[in-house]
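With compact mmCIF, C-alpha atoms inside, this is run13.txt:
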```txt
# COMPACT_ATOMS: atom_id res chain seq x y z
CA MET A 1 101.19 106.31 79.29
CA HIS A 2 97.84 106.21 81.11
CA THR A 3 98.24 106.39 84.87
CA PHE A 4 96.37 107.80 87.87
CA LEU A 5 99.39 109.21 89.70
CA PRO A 6 100.44 112.70 88.50
CA LYS A 7 103.11 112.39 85.80
CA THR A 8 105.24 114.94 87.65
CA PRO A 9 105.38 115.23 91.45
CA PRO A 10 102.80 117.46 93.17
CA LEU A 11 103.87 120.91 94.33
CA LYS A 12 105.18 121.18 97.90
CA LYS A 13 104.96 125.00 97.95
CA TYR A 14 102.81 127.61 96.19
CA LYS A 15 104.37 129.52 93.34
CA THR A 16 101.75 132.26 93.69
CA ASN A 17 102.65 134.85 96.31
CA SER A 18 99.61 135.42 98.52
CA LYS A 19 99.11 135.94 102.25
CA SER A 20 96.15 133.55 102.38
CA LEU A 21 98.15 130.80 100.65
CA ARG A 22 101.02 131.34 103.10
CA ASN A 23 98.45 130.96 105.90
CA LEU A 24 97.31 127.66 104.42
CA GLU A 25 100.89 126.44 104.11
CA ASN A 26 101.82 127.49 107.66
CA ILE A 27 98.78 126.04 109.41
CA SER A 28 98.95 122.73 107.53
CA SER A 29 102.66 122.36 108.38
CA LEU A 30 101.83 122.99 112.06
CA LEU A 31 99.01 120.43 112.28
CA PRO A 32 101.05 117.73 114.12
CA LYS A 33 101.96 120.27 116.83
CA LEU A 34 98.48 121.82 116.99
CA LEU A 35 96.87 118.38 117.32
CA LEU A 36 99.34 117.37 120.02
CA THR A 37 98.56 120.48 122.07
CA ASN A 38 94.80 120.54 121.36
CA LYS A 39 95.08 123.92 119.66
CA VAL A 40 93.58 123.23 116.21
CA GLN A 41 90.10 124.57 117.02
CA SER A 42 91.28 127.68 118.90
CA THR A 43 93.80 128.48 116.14
CA ILE A 44 91.16 128.23 113.39
CA LYS A 45 88.58 130.20 115.38
CA SER A 46 91.07 133.05 115.84
CA LEU A 47 91.38 133.56 112.07
CA ASP A 48 89.60 136.10 109.92
CA LYS A 49 86.99 134.42 107.69
CA ASN A 50 89.01 135.22 104.52
CA SER A 51 92.35 133.98 105.88
CA PHE A 52 92.37 130.98 103.51
CA SER A 53 91.01 132.64 100.38
CA VAL A 54 91.77 130.66 97.19
CA ASP A 55 90.23 133.10 94.69
CA ILE A 56 93.63 133.98 93.23
CA LEU A 57 94.20 130.30 92.32
CA LEU A 58 90.74 129.81 90.83
CA LYS A 59 91.29 132.85 88.60
CA SER A 60 94.62 131.54 87.36
CA LYS A 61 93.33 127.92 87.13
CA SER A 62 96.74 126.72 88.24
CA THR A 63 95.92 123.00 88.60
CA LYS A 64 98.95 121.94 90.62
CA GLU A 65 98.46 124.80 93.08
CA ILE A 66 94.72 124.11 93.31
CA ASN A 67 95.46 120.47 94.16
CA LEU A 68 97.90 121.62 96.85
CA ALA A 69 95.31 124.00 98.32
CA MET A 70 92.67 121.24 98.25
CA ALA A 71 95.03 118.96 100.17
CA HIS A 72 95.91 121.71 102.67
CA LEU A 73 92.26 122.59 103.33
CA SER A 74 91.25 118.91 103.55
CA PHE A 75 93.89 118.16 106.18
CA ILE A 76 93.12 121.32 108.15
CA ALA A 77 89.37 120.62 108.02
CA HIS A 78 89.71 117.02 109.19
CA ALA A 79 92.09 118.04 111.96
CA TYR A 80 89.47 120.59 113.05
CA ILE A 81 86.56 118.10 112.88
CA TRP A 82 88.27 115.10 114.49
CA GLY A 83 91.14 116.65 116.45
CA GLY A 84 89.36 117.52 119.69
CA ASP A 85 87.73 115.64 122.55
CA LYS A 86 84.61 115.15 120.44
CA PRO A 87 83.79 115.66 116.73
CA GLN A 88 82.91 119.19 115.63
CA LYS A 89 79.46 119.55 114.07
CA LEU A 90 80.12 122.91 112.43
CA LEU A 91 83.03 123.79 110.18
CA PRO A 92 83.86 127.53 110.30
CA GLU A 93 83.49 129.62 107.15
CA VAL A 94 87.24 130.31 107.03
CA ILE A 95 87.63 126.64 105.97
CA SER A 96 84.24 125.75 104.53
CA LYS A 97 83.98 128.57 101.97
CA PRO A 98 87.32 128.01 100.15
CA TRP A 99 86.97 124.22 100.52
CA VAL A 100 83.58 124.20 98.77
CA LYS A 101 84.91 126.52 96.04
CA LEU A 102 87.84 124.21 95.34
CA SER A 103 85.68 121.11 95.43
CA ASN A 104 83.32 122.63 92.86
CA PHE A 105 86.27 123.41 90.61
CA LEU A 106 87.76 119.92 90.99
CA GLY A 107 84.46 118.07 90.61
CA ARG A 108 84.53 116.12 93.86
CA PRO A 109 83.03 116.70 97.35
CA PRO A 110 84.53 118.92 100.07
CA ILE A 111 85.94 116.09 102.18
CA LEU A 112 89.38 114.51 102.49
CA SER A 113 89.46 112.01 99.62
CA TYR A 114 92.09 109.60 98.33
CA ALA A 115 93.23 112.11 95.69
CA SER A 116 94.28 114.67 98.36
CA TYR A 117 95.45 112.09 100.91
CA CYS A 118 97.59 110.08 98.50
CA LEU A 119 97.74 111.06 94.81
CA ASP A 120 98.52 114.77 95.41
CA ASN A 121 100.36 114.41 98.72
CA TRP A 122 103.92 113.23 98.01
CA PHE A 123 107.33 114.37 96.87
CA LYS A 124 110.56 112.69 95.90
CA ILE A 125 113.43 113.07 98.38
CA ASN A 126 115.90 112.85 95.50
CA ASN A 127 114.40 114.26 92.29
CA ASN A 128 116.84 112.29 90.15
CA GLN A 129 115.73 108.93 91.57
CA PRO A 130 112.51 107.06 90.68
CA ILE A 131 109.48 106.74 92.94
CA SER A 132 110.11 104.08 95.59
CA LEU A 133 109.53 103.47 99.28
CA GLU A 134 113.09 104.72 99.82
CA ASN A 135 112.50 107.96 97.92
CA VAL A 136 108.94 109.18 98.65
CA ALA A 137 107.79 111.39 101.54
CA LEU A 138 104.53 113.16 102.39
CA ILE A 139 103.69 116.84 102.02
CA ASN A 140 100.87 116.83 104.59
CA ASN A 141 100.42 114.90 107.83
CA PHE A 142 98.05 114.79 110.76
CA LEU A 143 100.24 113.61 113.62
CA GLY A 144 103.15 112.49 111.45
CA GLY A 145 105.54 109.71 112.35
CA VAL A 146 106.77 106.56 110.65
CA ASP A 147 103.46 104.66 110.71
CA GLU A 148 101.32 107.41 109.18
CA ASP A 149 103.92 108.16 106.50
CA TRP A 150 104.44 104.50 105.63
CA PHE A 151 100.70 103.85 105.35
CA VAL A 152 100.31 106.60 102.74
CA THR A 153 103.63 106.19 100.88
CA ILE A 154 102.81 102.48 100.39
CA HIS A 155 99.70 103.66 98.51
CA VAL A 156 101.68 106.22 96.50
CA CYS A 157 104.14 103.52 95.43
CA ILE A 158 101.29 101.12 94.61
CA GLU A 159 99.77 103.77 92.32
CA ASP A 160 103.15 104.19 90.63
CA ALA A 161 103.74 100.45 90.25
CA ALA A 162 100.22 100.01 88.83
CA GLY A 163 100.93 102.51 86.05
CA GLU A 164 101.84 99.85 83.49
CA ALA A 165 98.79 97.73 84.40
CA ILE A 166 96.54 100.78 83.96
CA ASP A 167 98.08 101.58 80.57
CA ALA A 168 97.83 97.93 79.47
CA ALA A 169 94.21 97.68 80.65
CA TYR A 170 93.33 100.81 78.68
CA ASN A 171 95.00 99.36 75.56
CA LEU A 172 93.28 96.02 76.14
CA SER A 173 89.87 97.70 76.19
CA ASN A 174 90.53 99.07 72.69
CA LEU A 175 91.29 95.64 71.18
CA ASN A 176 88.64 93.62 69.33
CA GLU A 177 88.23 90.55 67.09
CA LEU A 178 90.30 92.24 64.36
CA ASN A 179 93.37 92.11 66.62
CA LYS A 180 95.66 89.13 66.96
CA VAL A 181 95.87 86.82 69.96
CA ASN A 182 99.39 88.16 70.54
CA ASP A 183 98.03 91.70 70.92
CA PHE A 184 95.82 90.55 73.80
CA SER A 185 98.57 88.37 75.25
CA PHE A 186 101.05 91.27 75.30
CA GLU A 187 98.73 93.53 77.34
CA LEU A 188 97.70 90.73 79.72
CA ARG A 189 101.33 89.93 80.45
CA ARG A 190 102.01 93.62 81.16
CA ILE A 191 99.13 93.63 83.66
CA ILE A 192 100.49 90.54 85.44
CA LYS A 193 104.01 91.95 85.68
CA SER A 194 102.77 95.30 87.00
CA LEU A 195 100.43 93.75 89.58
CA LYS A 196 103.16 91.46 90.89
CA SER A 197 105.10 94.63 91.71
CA VAL A 198 101.97 96.16 93.32
CA ASN A 199 101.48 93.10 95.53
CA HIS A 200 105.15 93.08 96.53
CA ILE A 201 104.86 96.71 97.70
CA PHE A 202 101.54 96.04 99.46
CA SER A 203 103.08 93.11 101.34
CA LYS A 204 105.50 95.55 103.02
CA MET A 205 102.73 97.42 104.89
CA PRO A 206 103.42 95.70 108.28
CA GLU A 207 107.14 96.54 108.15
CA LYS A 208 106.68 100.13 109.34
CA CYS A 209 102.97 100.56 110.04
CA ASP A 210 101.86 98.99 113.31
CA PRO A 211 98.16 97.97 113.63
CA TYR A 212 97.76 99.59 117.05
CA VAL A 213 99.31 102.88 115.94
CA TYR A 214 97.31 102.86 112.70
CA TYR A 215 94.02 102.29 114.51
CA HIS A 216 94.56 104.93 117.21
CA ARG A 217 96.83 107.51 115.54
CA VAL A 218 96.20 107.39 111.76
CA ARG A 219 92.66 106.18 111.15
CA PRO A 220 90.64 108.59 113.38
CA TYR A 221 91.41 111.62 111.18
CA ILE A 222 90.26 110.19 107.85
CA PHE A 223 86.62 109.45 108.66
CA GLY A 224 83.76 111.11 106.82
CA THR A 225 80.33 112.25 107.95
CA LYS A 226 78.10 109.74 106.11
CA ASP A 227 77.05 106.59 108.00
CA ASN A 228 79.20 107.75 110.89
CA PRO A 229 77.53 107.31 114.29
CA ASP A 230 79.77 110.02 115.77
CA LEU A 231 78.30 112.60 113.37
CA LYS A 232 74.89 111.10 112.74
CA HIS A 233 73.35 114.52 112.03
CA GLY A 234 76.03 115.40 109.49
CA LEU A 235 78.39 118.37 109.27
CA ILE A 236 77.35 122.00 108.77
CA TYR A 237 79.66 123.91 106.45
CA GLU A 238 79.17 127.43 107.81
CA ASN A 239 77.37 129.66 105.26
CA GLN A 240 77.58 126.96 102.58
CA PHE A 241 74.80 124.60 101.38
CA ASN A 242 72.26 126.96 103.05
CA ASN A 243 73.71 125.81 106.37
CA LYS A 244 72.08 122.39 105.93
CA PRO A 245 74.10 119.45 107.31
CA GLN A 246 76.06 117.50 104.68
CA PHE A 247 76.95 113.83 104.57
CA PHE A 248 80.09 112.71 102.72
CA ARG A 249 82.08 109.50 102.77
CA GLY A 250 85.49 109.39 104.40
CA GLU A 251 88.84 108.73 102.74
CA THR A 252 89.28 105.10 101.72
CA GLY A 253 91.33 103.00 99.30
CA ALA A 254 88.03 102.23 97.56
CA GLN A 255 88.45 105.70 96.02
CA SER A 256 91.54 104.50 94.14
CA SER A 257 90.75 103.98 90.45
CA ILE A 258 93.13 101.03 89.90
CA ILE A 259 90.92 98.06 90.74
CA PRO A 260 87.67 99.41 89.19
CA LEU A 261 89.51 100.07 85.94
CA LEU A 262 91.08 96.57 85.90
CA ASP A 263 87.71 95.00 86.70
CA GLY A 264 86.21 96.92 83.78
CA ALA A 265 88.96 96.03 81.28
CA LEU A 266 89.04 92.34 82.27
CA GLY A 267 85.26 91.96 82.52
CA ILE A 268 85.27 91.02 86.21
CA LYS A 269 81.68 91.34 87.41
CA HIS A 270 80.42 91.75 90.95
CA THR A 271 76.90 90.72 91.86
CA ASN A 272 74.49 93.41 92.93
CA ASP A 273 74.03 94.00 96.63
CA ASN A 274 73.92 96.99 98.94
CA LEU A 275 77.71 97.39 98.60
CA ARG A 276 77.56 97.75 94.83
CA HIS A 277 75.89 101.14 95.26
CA TYR A 278 78.66 102.15 97.67
CA LEU A 279 81.41 101.32 95.16
CA ASN A 280 79.66 103.29 92.45
CA GLU A 281 79.29 106.17 94.91
CA MET A 282 83.07 106.09 95.50
CA ARG A 283 83.55 107.28 91.93
CA ASP A 284 82.07 110.66 92.90
CA TYR A 285 85.17 111.12 95.09
CA MET A 286 87.64 110.37 92.29
CA PRO A 287 89.06 113.06 90.00
CA PRO A 288 86.54 113.33 87.10
CA LYS A 289 89.18 112.31 84.50
CA HIS A 290 89.78 109.05 86.38
CA ARG A 291 86.05 108.42 86.66
CA LYS A 292 85.59 108.93 82.90
CA MET A 293 88.48 106.61 82.11
CA ILE A 294 86.90 103.81 84.17
CA GLU A 295 83.55 104.34 82.42
CA TYR A 296 85.24 104.35 79.01
CA VAL A 297 87.02 101.05 79.69
CA GLU A 298 83.85 99.42 81.11
CA ASN A 299 81.81 100.40 78.06
CA LYS A 300 84.50 99.63 75.48
CA SER A 301 86.26 96.46 76.58
CA GLN A 302 85.45 93.27 74.67
CA ALA A 303 88.48 91.44 76.06
CA LYS A 304 86.55 88.88 78.14
CA LYS A 305 84.41 87.83 75.14
CA PHE A 306 87.48 87.39 72.97
CA ILE A 307 89.37 85.46 75.68
CA ASP A 308 86.39 83.14 76.24
CA LYS A 309 86.25 82.39 72.49
CA SER A 310 89.96 82.03 71.76
CA LYS A 311 90.89 79.54 74.54
CA LYS A 312 94.54 80.54 73.90
CA LEU A 313 94.67 83.25 76.53
CA THR A 314 93.35 81.35 79.54
CA LYS A 315 96.70 81.22 81.34
CA GLU A 316 97.39 84.94 80.97
CA TYR A 317 93.81 85.95 81.84
CA ASN A 318 93.76 83.75 84.93
CA GLY A 319 97.19 85.16 85.85
CA CYS A 320 95.71 88.68 85.89
CA LEU A 321 92.77 87.57 88.03
CA GLU A 322 95.08 85.74 90.41
CA GLU A 323 97.13 88.89 91.06
CA ILE A 324 93.91 90.87 91.67
CA ARG A 325 92.66 88.07 93.96
CA LYS A 326 95.97 88.20 95.89
CA PHE A 327 95.63 91.97 96.26
CA ARG A 328 92.07 91.63 97.56
CA ALA A 329 93.08 88.80 99.91
CA MET A 330 95.93 90.91 101.35
CA HIS A 331 93.57 93.86 101.76
CA LEU A 332 91.16 91.60 103.68
CA GLU A 333 93.99 90.31 105.88
CA TYR A 334 95.07 93.88 106.73
CA ALA A 335 91.49 94.94 107.43
CA ALA A 336 91.26 92.09 109.93
CA SER A 337 94.54 92.84 111.72
CA TYR A 338 94.57 96.65 111.49
CA ILE A 339 90.91 97.34 112.20
CA HIS A 340 88.76 94.37 113.18
CA LYS A 341 91.14 92.93 115.79
CA GLN A 342 92.03 96.37 117.17
CA ALA A 343 88.33 97.14 117.57
CA GLN A 344 87.92 94.13 119.86
CA VAL A 345 90.46 95.43 122.39
CA ASN A 346 89.09 97.52 125.22
CA ASN A 347 91.29 100.56 125.45
CA THR A 348 90.71 103.94 127.00
CA PHE A 349 93.33 105.50 124.72
CA GLY A 350 91.82 106.68 121.45
CA THR A 351 88.91 105.16 119.55
CA GLY A 352 90.01 104.55 115.98
CA GLY A 353 86.52 105.62 115.03
CA SER A 354 83.61 103.29 114.35
CA THR A 355 84.51 99.68 115.14
CA ILE A 356 82.33 97.88 112.61
CA ARG A 357 82.81 100.12 109.60
CA GLY A 358 85.61 101.28 107.36
CA THR A 359 86.59 104.93 107.04
CA GLY A 360 84.24 105.17 104.04
CA GLY A 361 81.35 104.01 106.23
CA THR A 362 80.87 100.39 105.10
CA PRO A 363 80.85 96.99 106.82
CA PHE A 364 84.22 96.40 105.16
CA MET A 365 84.98 92.76 106.09
CA LYS A 366 81.91 91.45 104.27
CA TYR A 367 82.61 93.55 101.20
CA LEU A 368 86.29 92.59 100.94
CA LYS A 369 85.57 88.85 101.29
CA LYS A 370 82.87 89.00 98.65
CA HIS A 371 85.07 90.69 96.07
CA ARG A 372 88.01 88.39 96.71
CA ASP A 373 85.78 85.34 96.23
CA GLU A 374 84.06 86.73 93.11
CA THR A 375 87.44 87.41 91.50
CA GLN A 376 88.50 83.79 92.09
CA LYS A 377 85.23 82.39 90.68
CA GLN A 378 85.57 84.27 87.40
CA LYS A 379 88.78 82.58 86.27
CA VAL A 380 88.22 80.75 82.96
```
Representation of the structure as structure tokens:
Amino acid sequence: MHTFLPKTPPLKKYKTNSKSLRNLENISSLLPKLLLTNKVQSTIKSLDKNSFSVDILLKSKSTKEINLAMAHLSFIAHAYIWGGDKPQKLLPEVISKPWVKLSNFLGRPPILSYASYCLDNWFKINNNQPISLENVALINNFLGGVDEDWFVTIHVCIEDAAGEAIDAAYNLSNLNELNKVNDFSFELRRIIKSLKSVNHIFSKMPEKCDPYVYYHRVRPYIFGTKDNPDLKHGLIYENQFNNKPQFFRGETGAQSSIIPLLDGALGIKHTNDNLRHYLNEMRDYMPPKHRKMIEYVENKSQAKKFIDKSKKLTKEYNGCLEEIRKFRAMHLEYAASYIHKQAQVNNTFGTGGSTIRGTGGTPFMKYLKKHRDETQKQKV
């Protein structure tokens, strides 16, 4: 079955025995305490520049361990950049060198992205039970706590619940006029069923993730360096990129491959504007296999043409678009309550980062409204 969540849970611990990997594991597990006591920067600066070497993993090409190391380094790096009184403009070589090496291997930038924050950052509490909100926990945290965990595990469970929709969308993109109406109908119904489950999980976000806590305790650590007024001159990765400042987008749900793939399979089009470029840019932060799958489906799918001609699939097609519209509407609602409203409150405690932009660096309210409305308009 085609899915974007790993088919088996990510590794919690390294199998390879190495001092540098133990260092990575130890420091990442201590991040909540180091952030609380303002000791992230001093701890990192006290390390030898090869303390986090990942060469042993790159030689073995152990994918699960490489994904774990990428997550560890991403969390440590973001804690270093955003965990002090003001953002750090230079990332020490002890982090920057292995982080850039891993990012080159994985084919995505050296920044905390959705893949490391969500897709590769969970484990099952009971291995014999399925993935659910009652059975998933996080490997890595910044401050930790119920709200941070719930925010991420909701996304993990959404990715799991969307698995059938992803598989059905992929199958749908391979159908053509030689297939029967029932072949299309079967895959469309699978998408609807799967997305109903996704929306049910998404609706639970407010149960254990409070908007105030999210804005001040979760969000500040996942920002990037591009279009961020707090790091307007970028971030220097010490002794990497010729010491020239780099600009990368922050972690955001727009780096999930679910909605772009469904848009591609179902022929949902979004008009060109300055946000279109941003969404295409988000693909650079996805695992390359996910990116290629989206492109394949976009280029291959003839489903919309067939549905427009047949007139027998209107109900099922509109049902798919309605579930996507509901998802986008809920996302907009959360953006308003978790970010926009929090940004209006004068508070000396914490900043939550930029008040008018999402963690990826966009004017998010405008973009979310537009995509919700465009989904509604394209029902047949």
### Task
Determine, counting all atoms listed in the file, which protein, DNA and RNA residues have an atom within 12 Å of an atom of Asn280 of chain A; residues of the same chain fewer than 4 positions away are not included. Present the result as a ChimeraX atom specification.
/A:254-255,257,260,270,272-276,284-286,291,294-295
### Query
Which of these residues is nearest to Arg189 of chain A, using only C-alpha atoms: A:Asn26, A:Thr271, A:Gln41, A:Asn318?
A:Asn318
Produce the centre coordinates and the three edge lengths, each in Å to one decimal, of the box along x, y and z that contains all listed atoms of segment 17-24 of chain A with 5 Å added on each side, as AutoDock Vina command-line options.
```
--center_x 99.4 --center_y 131.8 --center_z 101.1 --size_x 16.5 --size_y 18.3 --size_z 19.6
```
### Task
Rank nothing, just name the residue among A:Lys232, A:Lys300, A:Lys15, A:Arg108 nearest to Ala169 of chain A, using only C-alpha atoms.
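So, comparing all the options, the nearest one is A:Lys300.
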### Task
Name the residues in contact with Met1 of chain A at a cut-off of 10 Å, using all atoms listed in the file, excluding same-chain residues fewer than 6 positions from it; report them as a ChimeraX atom specification.
/A:7,163-164,166-168,170
### Task
Please identify all polymer residues within 12 Å of Leu178 of chain A, counting all atoms listed in the file, omitting same-chain residues fewer than 6 positions from it, and present them as a ChimeraX atom specification.
/A:184,302-303,306
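Considering the residues A:His78, A:Lys39, A:Lys309, A:Lys292 and counting only C-alpha atoms, Asn141 of chain A has its shortest atom-to-atom contact with A:His78.
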### Message
I'd like the interatomic distance between atom CA of Tyr117 of chain A and atom CA of Arg190 of chain A, to a tenth of an Å.
### Response
27.8 Å
### Query
Closest to Arg249 of chain A among A:Asn179, A:Ser62, A:Ser173, A:Ser113, using all atoms listed in the file?
A:Ser113
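With only C-alpha atoms as the atoms that count, the residue of A:Phe202, A:Tyr296, A:Phe52, A:Phe4 with the shortest distance to Phe151 of chain A is A:Phe202.
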